[in-house]
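Data block for input.cif (mmCIF, C-alpha atoms):
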```
data_run
loop_
_atom_site.label_atom_id
_atom_site.label_comp_id
_atom_site.auth_asym_id
_atom_site.auth_seq_id
_atom_site.Cartn_x
_atom_site.Cartn_y
_atom_site.Cartn_z
CA MET A 9 -4.53 11.15 1.30
CA VAL A 10 -1.23 10.31 -0.21
CA TYR A 11 -0.51 9.95 -3.89
CA ILE A 12 2.33 7.62 -4.64
CA GLN A 13 4.38 8.20 -7.74
CA SER A 14 5.94 4.87 -8.49
CA TRP A 15 3.90 1.78 -9.21
CA GLN A 16 6.33 -0.50 -7.42
CA ASP A 17 6.06 1.50 -4.21
CA TYR A 18 2.31 1.62 -4.49
CA GLN A 19 2.03 -2.11 -4.97
CA GLU A 20 4.24 -2.90 -1.99
CA ALA A 21 2.52 -0.38 0.22
CA ALA A 22 -0.93 -1.63 -0.75
CA GLU A 23 -0.09 -5.23 0.03
CA ALA A 24 1.52 -4.25 3.30
CA LEU A 25 -1.48 -2.17 4.29
CA TYR A 26 -3.80 -5.01 3.50
CA SER A 27 -1.78 -7.52 5.47
CA LYS A 28 -1.80 -5.18 8.41
CA SER A 29 -5.55 -4.75 8.73
CA PRO A 30 -7.42 -7.01 6.33
CA ASN A 31 -10.80 -6.53 7.91
CA GLU A 32 -10.93 -2.76 7.66
CA THR A 33 -9.18 -2.23 4.37
CA ARG A 34 -11.02 -1.52 1.16
CA TYR A 35 -9.64 -1.12 -2.29
CA CYS A 36 -11.39 1.32 -4.61
CA VAL A 37 -10.94 2.03 -8.26
CA LYS A 38 -12.22 5.11 -10.02
CA TRP A 39 -12.40 5.40 -13.75
CA LYS A 40 -12.94 8.82 -15.30
CA PRO A 41 -13.57 8.47 -19.02
CA GLY A 42 -13.77 12.23 -19.41
CA GLU A 43 -10.07 12.69 -18.90
CA ALA A 44 -9.17 9.00 -19.25
CA LYS A 45 -7.83 8.82 -15.73
CA LEU A 46 -7.56 5.76 -13.53
CA VAL A 47 -7.27 6.27 -9.80
CA LEU A 48 -6.60 3.52 -7.30
CA LYS A 49 -7.25 3.99 -3.62
CA ILE A 50 -6.59 1.64 -0.79
CA THR A 51 -7.49 2.68 2.74
CA ASP A 52 -7.98 1.19 6.16
CA ASN A 53 -9.65 4.35 7.44
CA VAL A 54 -6.42 5.42 9.06
CA THR A 55 -4.02 5.71 6.19
CA CYS A 56 -4.98 6.13 2.58
CA LEU A 57 -2.80 5.44 -0.41
CA LYS A 58 -3.66 6.53 -3.90
CA PHE A 59 -2.25 6.14 -7.34
CA LYS A 60 -3.39 7.91 -10.47
CA THR A 61 -2.43 7.46 -14.06
CA HIS A 62 -3.34 8.46 -17.58
CA SER A 63 -1.28 5.84 -19.31
CA SER A 64 -2.24 2.39 -20.38
CA ILE A 65 1.06 0.78 -19.44
CA PHE A 66 -0.29 0.09 -16.01
CA LEU A 67 -3.32 -1.88 -17.09
CA ASN A 68 -1.65 -5.26 -16.80
CA ARG A 69 0.03 -4.41 -13.53
CA PHE A 70 -3.25 -3.04 -12.24
CA GLU A 71 -4.97 -6.27 -13.11
CA SER A 72 -2.36 -8.36 -11.35
CA LEU A 73 -2.58 -6.13 -8.29
CA ASN A 74 -6.36 -6.60 -8.36
CA HIS A 75 -5.84 -10.31 -8.38
CA THR A 76 -3.41 -10.39 -5.48
CA LEU A 77 -5.55 -8.07 -3.40
CA MET A 78 -8.67 -10.10 -3.98
CA GLN A 79 -6.79 -13.23 -3.08
CA LYS A 80 -5.69 -11.60 0.14
CA MET A 81 -9.23 -10.55 0.86
CA GLN A 82 -10.43 -14.07 0.50
CA ASN A 83 -7.57 -15.38 2.56
CA ARG A 84 -7.36 -18.52 0.53
CA ARG A 85 -5.34 -21.58 1.40
CA PRO A 86 -6.16 -21.82 5.04
CA SER A 87 -3.09 -23.37 6.60
CA PRO A 88 -3.79 -26.98 7.43
CA PRO A 89 -2.53 -28.36 10.71
CA GLN A 90 1.04 -29.34 10.05
CA PRO A 91 2.52 -30.91 13.12
CA ALA A 92 4.75 -33.34 11.24
CA ARG A 93 5.79 -31.13 8.41
CA GLY A 94 9.51 -31.18 9.01
CA PRO A 95 10.88 -34.67 9.53
CA VAL A 96 8.08 -36.72 7.95
CA PRO A 97 8.70 -35.96 4.29
CA ASN A 98 12.37 -36.79 4.63
CA THR A 99 11.64 -40.23 5.93
CA THR A 100 9.02 -41.04 3.31
CA THR A 101 10.31 -42.59 0.14
CA PRO A 102 10.66 -40.38 -2.92
CA HIS A 103 7.98 -42.50 -4.57
CA ASP A 104 5.47 -41.49 -1.92
CA GLU A 105 6.42 -37.86 -2.20
CA GLY A 106 6.00 -37.95 -5.92
CA LEU A 107 2.59 -39.54 -5.54
CA SER A 108 1.42 -37.03 -3.00
CA ARG A 109 2.62 -34.17 -5.15
CA ALA A 110 1.00 -35.56 -8.22
CA GLY A 111 -2.32 -36.04 -6.53
CA THR A 112 -2.47 -32.59 -5.02
CA PRO A 113 -5.60 -30.62 -5.73
CA SER A 114 -5.67 -26.95 -5.03
CA GLY A 115 -6.23 -25.93 -1.45
CA GLY A 116 -5.57 -29.35 0.03
CA GLY A 117 -5.97 -30.07 3.66
CA SER A 118 -4.19 -33.35 4.23
CA SER A 119 -0.87 -33.51 5.93
CA THR A 120 0.71 -35.33 2.98
CA VAL A 121 -0.09 -32.39 0.79
CA ALA A 122 1.47 -30.04 3.25
CA ALA A 123 4.45 -32.32 3.57
CA GLY A 124 4.79 -32.53 -0.17
CA SER A 125 4.64 -28.80 -0.54
CA GLY A 126 7.11 -28.21 2.24
CA ALA A 127 9.63 -30.66 0.93
CA GLY A 128 9.26 -30.25 -2.79
CA GLY A 129 8.78 -26.53 -2.97
CA VAL A 130 6.36 -27.00 -5.87
CA LYS A 131 3.68 -25.01 -4.14
CA LYS A 132 6.22 -22.43 -3.15
CA LYS A 133 3.70 -19.62 -3.43
CA LYS A 134 1.42 -21.13 -0.80
CA ALA A 135 4.23 -21.82 1.61
CA GLY A 136 5.51 -18.29 1.16
CA GLY A 137 2.06 -16.86 1.79
CA LYS A 138 1.63 -18.81 4.98
CA LYS A 139 5.05 -17.97 6.30
CA LYS A 140 4.59 -14.28 5.67
CA LYS A 141 1.87 -14.12 8.24
CA MET B 156 -29.93 4.76 -4.70
CA THR B 157 -30.64 1.14 -3.98
CA SER B 158 -27.96 -1.44 -4.38
CA THR B 159 -28.77 -4.74 -6.02
CA LEU B 160 -26.87 -7.91 -5.29
CA VAL B 161 -26.34 -10.07 -8.33
CA ASP B 162 -24.38 -13.18 -9.12
CA ASN B 163 -20.93 -13.15 -10.68
CA ASP B 164 -21.82 -13.55 -14.34
CA ASN B 165 -24.59 -11.04 -14.08
CA PHE B 166 -22.19 -8.65 -12.43
CA ILE B 167 -19.69 -8.95 -15.23
CA ALA B 168 -22.36 -8.33 -17.83
CA ARG B 169 -23.71 -5.33 -15.98
CA LEU B 170 -20.23 -3.99 -15.47
CA GLN B 171 -19.58 -4.22 -19.17
CA SER B 172 -22.68 -2.23 -20.01
CA LEU B 173 -21.90 0.24 -17.23
CA PHE B 174 -18.48 0.84 -18.72
CA GLU B 175 -19.98 1.32 -22.15
CA SER B 176 -22.50 3.87 -20.99
CA SER B 177 -19.92 5.56 -18.82
CA ASN B 178 -17.43 5.85 -21.64
CA GLN B 179 -20.12 7.30 -23.84
CA LYS B 180 -21.52 9.80 -21.40
CA GLY B 181 -18.23 10.62 -19.76
CA SER B 182 -19.51 9.89 -16.27
CA SER B 183 -17.19 8.39 -13.71
CA LEU B 184 -17.27 4.84 -12.51
CA TRP B 185 -16.33 3.50 -9.08
CA LEU B 186 -15.38 -0.03 -8.13
CA THR B 187 -14.83 -1.09 -4.55
CA HIS B 188 -13.41 -4.38 -3.34
CA THR B 189 -13.57 -5.44 0.23
CA ARG B 190 -13.51 -8.58 2.31
CA LEU B 191 -16.88 -9.85 3.39
CA SER B 192 -16.60 -10.64 7.07
CA TYR B 193 -20.32 -10.15 7.61
CA ASP B 194 -21.57 -13.59 8.40
CA GLY B 195 -25.27 -13.46 7.71
CA GLU B 196 -26.65 -12.41 11.04
CA ASP B 197 -23.77 -11.38 13.22
CA ALA B 198 -20.62 -9.72 12.10
CA ALA B 199 -17.83 -12.25 12.23
CA MET B 200 -16.20 -12.10 15.59
CA LYS B 201 -12.53 -11.35 15.73
CA THR B 202 -11.17 -14.12 17.83
CA GLY B 203 -7.76 -13.60 19.29
CA ASP B 204 -6.02 -15.09 16.32
CA ASN B 205 -2.72 -13.48 15.69
CA GLU B 206 -1.25 -15.64 13.01
CA THR B 207 -3.70 -18.44 12.50
CA ASP B 208 -6.40 -16.66 10.58
CA THR B 209 -7.53 -19.69 8.74
CA ARG B 210 -10.93 -18.57 7.58
CA GLU B 211 -11.73 -17.98 4.00
CA TYR B 212 -13.89 -15.06 3.14
CA PRO B 213 -15.88 -14.12 0.10
CA CYS B 214 -14.97 -10.90 -1.58
CA LEU B 215 -17.54 -8.17 -2.05
CA ILE B 216 -17.29 -6.07 -5.17
CA ARG B 217 -19.44 -3.02 -5.74
CA ALA B 218 -19.81 -1.01 -8.88
CA THR B 219 -21.55 2.30 -9.36
CA ASP B 220 -21.71 5.24 -11.69
CA GLY B 221 -23.30 7.60 -9.25
CA HIS B 222 -26.84 6.62 -10.25
CA THR B 223 -27.11 2.85 -10.30
CA GLN B 224 -25.24 0.57 -7.96
CA PHE B 225 -24.86 -3.19 -7.98
CA SER B 226 -22.65 -5.65 -6.19
CA THR B 227 -21.59 -9.24 -6.16
CA ARG B 228 -19.94 -11.71 -3.83
CA VAL B 229 -17.05 -13.73 -5.12
CA GLU B 230 -16.38 -17.00 -3.35
CA PRO B 231 -12.78 -18.12 -3.09
CA ARG B 232 -13.31 -21.06 -5.39
CA ASP B 233 -14.73 -18.80 -8.08
CA LEU B 234 -11.95 -16.27 -7.96
CA PRO B 235 -9.79 -17.42 -10.90
CA LYS B 236 -12.72 -17.67 -13.27
CA PHE B 237 -14.18 -14.42 -12.09
CA HIS B 238 -10.90 -12.61 -12.24
CA THR B 239 -10.20 -13.52 -15.84
CA ALA B 240 -13.57 -12.21 -16.91
CA TYR B 241 -13.26 -9.17 -14.66
CA GLY B 242 -9.79 -8.31 -15.90
CA ALA B 243 -10.91 -8.69 -19.49
CA VAL B 244 -13.76 -6.26 -18.99
CA LEU B 245 -11.51 -3.71 -17.32
CA LYS B 246 -8.80 -3.91 -19.93
CA SER B 247 -11.18 -3.71 -22.84
CA SER B 248 -13.05 -0.71 -21.48
CA MET B 249 -10.11 1.40 -20.39
CA THR B 250 -8.76 1.84 -23.87
CA ALA B 251 -8.87 5.60 -23.62
CA LEU B 252 -5.75 5.58 -21.48
CA ARG B 253 -2.90 7.11 -23.34
CA LYS B 254 -0.25 4.89 -24.67
CA ARG B 255 2.99 6.40 -23.52
CA ASP B 256 4.93 7.25 -26.61
CA LYS B 257 8.63 7.81 -26.75
CA LYS B 258 8.24 11.42 -27.82
CA ARG B 259 6.52 12.60 -24.66
CA GLU B 260 8.90 10.67 -22.48
CA LYS B 261 11.87 12.13 -24.24
CA GLU B 262 10.49 15.65 -23.93
CA ARG B 263 9.89 15.14 -20.25
CA ALA B 264 13.37 13.78 -19.69
CA GLU B 265 14.86 16.72 -21.55
CA ARG B 266 12.89 19.21 -19.50
CA THR B 267 13.95 17.71 -16.19
CA ALA B 268 17.55 17.53 -17.35
CA LEU B 269 17.43 21.19 -18.27
CA ARG B 270 16.00 22.15 -14.93
CA LYS B 271 18.64 20.15 -13.14
CA LYS B 272 21.38 21.79 -15.13
CA ARG B 273 20.09 25.24 -14.33
CA MET B 274 20.02 24.34 -10.70
CA LEU B 275 23.46 22.86 -10.49
CA GLU B 276 25.45 25.23 -12.62
CA PRO B 277 26.79 28.00 -10.43
CA VAL B 278 25.98 31.49 -11.57
CA VAL B 279 28.72 34.07 -11.66
CA ILE B 280 27.64 37.45 -10.40
CA GLU B 281 29.50 39.97 -12.40
CA GLY B 282 28.92 43.36 -13.83
CA PRO B 283 29.04 46.95 -12.65
CA LYS B 284 27.54 47.64 -9.25
CA ARG B 285 26.48 51.12 -10.16
CA GLY B 286 25.51 52.71 -13.36
CA ASN B 287 24.41 51.10 -16.55
CA GLY B 288 24.57 47.36 -15.91
CA ARG B 289 23.26 47.41 -12.34
CA ARG B 290 19.86 45.89 -13.09
CA LYS B 291 21.44 42.94 -14.82
CA ARG B 292 23.69 42.35 -11.85
CA GLN B 293 20.76 42.54 -9.47
CA ARG B 294 18.97 39.92 -11.52
CA LEU B 295 21.96 37.61 -11.33
CA ILE B 296 22.09 38.03 -7.55
CA LYS B 297 18.41 37.19 -7.28
CA PHE B 298 18.80 34.12 -9.46
CA ALA B 299 21.73 32.95 -7.37
CA LEU B 300 19.63 33.18 -4.21
CA LYS B 301 16.76 31.25 -5.76
CA GLN B 302 19.16 28.63 -7.02
CA GLU B 303 20.54 28.19 -3.53
CA GLU B 304 17.06 27.69 -2.13
CA SER B 305 16.04 25.17 -4.74
CA ARG B 306 19.25 23.25 -4.17
CA LYS B 307 18.55 23.04 -0.47
CA LYS B 308 15.01 21.84 -1.12
CA ALA B 309 16.25 19.19 -3.51
CA GLU B 310 18.74 18.01 -0.91
CA GLN B 311 16.01 17.77 1.68
CA ARG B 312 13.87 15.76 -0.68
CA GLU B 313 16.74 13.39 -1.37
CA GLN B 314 17.37 12.95 2.33
CA LYS B 315 13.73 12.23 2.98
CA LYS B 316 13.66 9.66 0.21
CA SER B 317 16.80 7.92 1.34
CA SER B 318 15.74 7.89 4.98
CA SER B 319 12.28 6.56 4.18
CA SER B 320 13.70 3.90 1.91
CA GLN B 321 16.15 2.95 4.67
CA LYS B 322 13.28 2.69 7.10
CA MET B 323 11.32 0.47 4.77
CA SER B 324 14.26 -1.81 4.07
#
```
Please express the file's structure as structure tokens.
Amino acid sequence: MVYIQSWQDYQEAAEALYSKSPNETRYCVKWKPGEAKLVLKITDNVTCLKFKTHSSIFLNRFESLNHTLMQKMQNRRPSPPQPARGPVPNTTTPHDEGLSRAGTPSGGGSSTVAAGSGAGGVKKKKAGGKKKK
Amino acid sequence: MTSTLVDNDNFIARLQSLFESSNQKGSSLWLTHTRLSYDGEDAAMKTGDNETDTREYPCLIRATDGHTQFSTRVEPRDLPKFHTAYGAVLKSSMTALRKRDKKREKERAERTALRKKRMLEPVVIEGPKRGNGRRKRQRLIKFALKQEESRKKAEQREQKKSSSSQKMS
């Protein structure tokens, strides 16, 4: 059981641990009102990382970490098949690209969406998430 | 203790009341988040997918205070809405966390600075070896030894930190 002192390190380590073994990892939060202590624990039953705090500065960061971890758990944005991701968007006219980008719902599956995201970089977050794996 | 599965809104409401009662009574509260790869009947098989894990999973969230336990499943499409409500509940109930004020931080910084100074400043062992001031001299010798040890430990810690940070980067 390892307590980590800096929030930045904890955040990076937690995300790395989750990416490593997403099916065995669980993220637990303990709130002790008696001594107003918040403890975060993330473990994949092999390594365990904890973070404790008494101060409220971390509330926002804690919430954003919650969000990213839950997103990872759900494994959103399944990567659509993108065989023609590279050259296709370059050959399409800018008008088409603009259209495809404009009409993009979240979590699209069509190749135009993927092409639009690859070329335009609007959905940079999704592309980054896919590439990381 | 039986666990009850509820839907998202119900979960948020129950969580709110759980926080309230927990804050009042001073009993602890546990929240666990995990990925739900249990697919109804069989556990989801782990196909040999190295990089192309394209499934989406619901997220299971459990809450307990040691006596009552309830849980909910969050589907991927409900996550944003759920998370805003969830985050709001958490932030509004954890108000007892101390707001770090400048005074405490300053005091802490001063204390660590003082300790560092004591460690780094070399101590001069002087005084008579025999006779009246011997005890004082012995104390200085002892302090010098301790200082040496603490310096070595601090160096080791720095080395560990730098090596681990090098490994990570």
Open item on the list: When you count all atoms listed in the file, which of these residues is closest to Glu71 in chain A: B:Lys236, B:Lys180, B:Phe166, B:Ala243?
Closed with: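 Looking only at the distances to Glu71 in chain A, the closest residue turns out to be B:Ala243.
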Distance table requested - chain B against chain A, cut-off 6 Å, all atoms listed in the file: one row per qualifying residue with the closest atom pair and its distance in Å to one decimal, ordered by chain and rising residue number, as CSV.
```
residue,atom,partner,partner_atom,distance
B:Asn178,CA,A:Pro41,CA,5.4
B:Gly181,CA,A:Gly42,CA,4.8
B:Ser183,CA,A:Lys40,CA,4.6
B:Leu184,CA,A:Trp39,CA,5.1
B:Trp185,CA,A:Lys38,CA,4.5
B:Leu186,CA,A:Val37,CA,4.9
B:Thr187,CA,A:Cys36,CA,4.2
B:His188,CA,A:Tyr35,CA,5.1
B:Thr189,CA,A:Arg34,CA,4.8
B:Arg190,CA,A:Met81,CA,4.9
B:Glu206,CA,A:Lys141,CA,5.9
B:Thr209,CA,A:Pro86,CA,4.5
B:Glu211,CA,A:Asn83,CA,5.1
B:Tyr212,CA,A:Gln82,CA,4.5
B:Pro213,CA,A:Gln82,CA,5.5
B:Cys214,CA,A:Gln82,CA,5.9
B:Pro231,CA,A:Gln82,CA,5.9
B:Gly242,CA,A:Glu71,CA,5.9
B:Ala251,CA,A:Ala44,CA,5.5
B:Leu252,CA,A:Ser64,CA,4.9
B:Arg253,CA,A:Ser63,CA,4.5
B:Lys254,CA,A:Ser64,CA,5.3
```
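Put simply, the PyMOL selection byres ((chain B and resi 272-284) around 9) on this file hits Thr267, Ala268, Leu269, Arg270, Lys271, Arg285, Gly286, Asn287, Gly288, Arg289, Arg290, Lys291, Arg292, Gln293, Leu295, Ile296, Phe298, Ala299, Gln302, Glu303, Ser305 and Arg306 of chain B.
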- [ ] Please evaluate the PyMOL selection byres ((chain B and resi 167) around 10) against the displayed coordinates and give the resulting residues as a PyMOL selection string.
- [x] chain B and resi 161-166+168-173+227+237-238+240-245
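Interatomic distance, CA of Asp17 in chain A against CA of Lys60 in chain A: 13.0 Å.
When the PyMOL selection byres ((chain A and resi 19) around 10) is evaluated against the file, it yields Ile12, Ser14, Trp15, Gln16, Asp17, Tyr18, Glu20, Ala21, Ala22, Glu23, Ala24, Leu25, Phe59, Arg69, Phe70, Ser72, Leu73, Thr76 and Leu77 of chain A.
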TODO: Give me, please, the distance in Å between CA of Thr219 in chain B and CA of Cys56 in chain A, quoted to one decimal.
DONE: 20.8 Å
Task: Separation of CA of Arg255 in chain B from CA of Leu57 in chain A, in Å and rounded to one decimal - done: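 Distance reported for this atom pair: 23.8 Å.
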